[in-house]
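Data first, discussion second: the structure below is written as structure tokens.
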Amino acid sequence: MEKESPKNSVLSKFNSSVTDKKTPFGILDCIGNTPLVLLKRLFSSASIQLYGKMEMFNPGGSIKDRTAFNIITKAIESGEINGYTTIIESTSGNMGIGLARICHYYGLRLILVTDPHINPLTEKILKTFQAEIVKVHQNDGMGGYLKSRLEKVEELLSLESNSFCPDQYHNFNSPLAHVETYREICESLGKAPDYIFIATSTCGTLRGFAEAAAERNEFPKLIAVDAEGSVVFGREPNVRIIPGMGASRPSDFLIRNQVADVIHISDRACIEGCQMLLDLESILAGGSSGAIVMALEKMLPNIPANSTVVALFPDSGERYMDTIFSDSWVEEKFGVVNEMV
Ligand SMILES: Cc1ncc(COP(=O)(O)O)c(C=O)c1O
């Protein structure tokens, strides 16, 4: 790929942002400090205190703003990224949106490798933030396109001499972003919760919570919520259509004994969980939040009375109007809507 010479204005945008100590991050300062909301209506008959950590309040609408921010700012601080660096990553969703805003803010060129499953609205948002989109079309036979996307990333990195791959599957600044997420929860509650329900894909969130809790000598039970058809916890790969949760490759962050329990949730049940969250709590959230709700329902009989339980809701439902929240889409994929279990 031809390397474009960066315009002076782009470099000055990078330099002034990085050296402006008064308001170092501008809009990026809005990442994190998301609300923790008491959920009184969901499972109201259970004698637990249930809270939702509302990651859709991040400016990009998801928890991945935190990951993207921590990875990029740490790489700027360490000198791995300068004003001429091209950022190249494989992502079809929330991580892409997080990276797109941050790279736009710093005037960094961003290439995102995606696949035909990308949500059309997400693609439009990414392009609006001037991210360049490269699509792969070769299905990897593991229920997705991940292998082909990663090969394309390698190819692009080898063509760009000054390039940086955030590599959300391996970069430890991903889990480290959630030391802060965990701290916020404890600060809001005034104590550590007894249970935290966490949706998994790269397991960056899960690992960050586990490390942060251990560091503080606190031991909440971390419940991992994964997609049926995801290989993260050693299952056979299968087709998954709800984005965000699950993976077609094992996680390098997962340490199995940091997890108290694992609950697998089907795509269809994710949708039911999203509807419950909307109907009972007026929260419009994405598929992995629906999975968290269904996992809570499964686990409730095993949770002792008076426990404090946190459900981490990773993203907003707004980008899923034509899928999860569309009756015709649900009917097409799963059959009659009101026959859903
Ligand atoms: C909506 C949503 N839920 C859950 C996850 C899983 O997070 P992690 O990759 O930290 O395991 C992601 C990750 O992209 C996500 O976008």
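In the structure tokens, the first chain shown is A, the next is B, and so on; residue numbers restart at 1 for each chain, and ligands run from 1 in the order shown.
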>> For ligand 1, return the neighbouring residues as a ChimeraX atom specification (distance at most 9 Å; only C-alpha atoms and all ligand atoms).
In response: /A:62-64,67,91,93-95,168-169,174-175,178,198-208,225-226,243-247,251,253,285-289,313-316
>> Let's see if you can do this: from backbone DSSP, list all strand (DSSP E) residues in segment 62-202 of chain A, as a list in words.
In response: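 Listing strand (DSSP E) positions across segment 62-202 of chain A yields Thr86, Ile87, Ile88, Glu89, Ser90, Arg109, Leu110, Ile111, Leu112, Val113, Thr114, Glu132, Ile133, Val134, Lys135, Ser163, Phe164, Tyr195, Ile196, Phe197, Ile198 and Ala199 of chain A.
For segment 148-155 of chain A, the residues within 7 Å (counting only C-alpha atoms, excluding itself and residues fewer than 3 positions away along the chain) are A:Ile88, A:Glu89, A:Ser90, A:Val113, A:Thr114, A:Val136, A:Gln138, A:Asp140, A:Tyr145, A:Ser158, A:Leu159.
Between atom CA of Phe25 of chain A and atom CA of Thr73 of chain A the interatomic distance comes to 9.6 Å.
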>> Ranking A:Phe172, A:Thr181, A:Arg216, A:Ile87 by minimum distance to Leu157 of chain A and counting only C-alpha atoms, which one comes first?
In response: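 Comparing A:Phe172, A:Thr181, A:Arg216, A:Ile87 against Leu157 of chain A, the winner is A:Ile87.
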> If we count only C-alpha atoms, what is near Ile31 of chain A at a cut-off of 8 Å, once residues fewer than 3 positions away on the same chain are taken out, given as a VMD selection string?
Replying inline: chain A and resid 27 to 28 34 58 to 59 65 to 66
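The smallest atom-to-atom distance between Cys186 of chain A and any of A:Ser248, A:Glu77, A:Asn257, A:Ala213, using only C-alpha atoms, is found for A:Ala213.
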> How would you write, as a ChimeraX atom specification, the set of residues in segment 207-291 of chain A that DSSP gives as alpha helix (DSSP H)?
Replying inline: /A:207-215,267-281,287-291
> Which one of A:Cys165, A:Ala192, A:Ile118, A:Ile81 sits closest to Thr308 of chain A if you count only C-alpha atoms?
Replying inline: A:Ala192
> Could you state the separation of atom CA of Ser188 of chain A and atom CA of Leu36 of chain A in Å, given to one decimal place?
Replying inline: 6.9 Å
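Each of A:Ala210, A:Ala68, A:Cys103, A:Leu146 was checked against Gly83 of chain A using only C-alpha atoms; the smallest atom-to-atom distance is that of A:Cys103.
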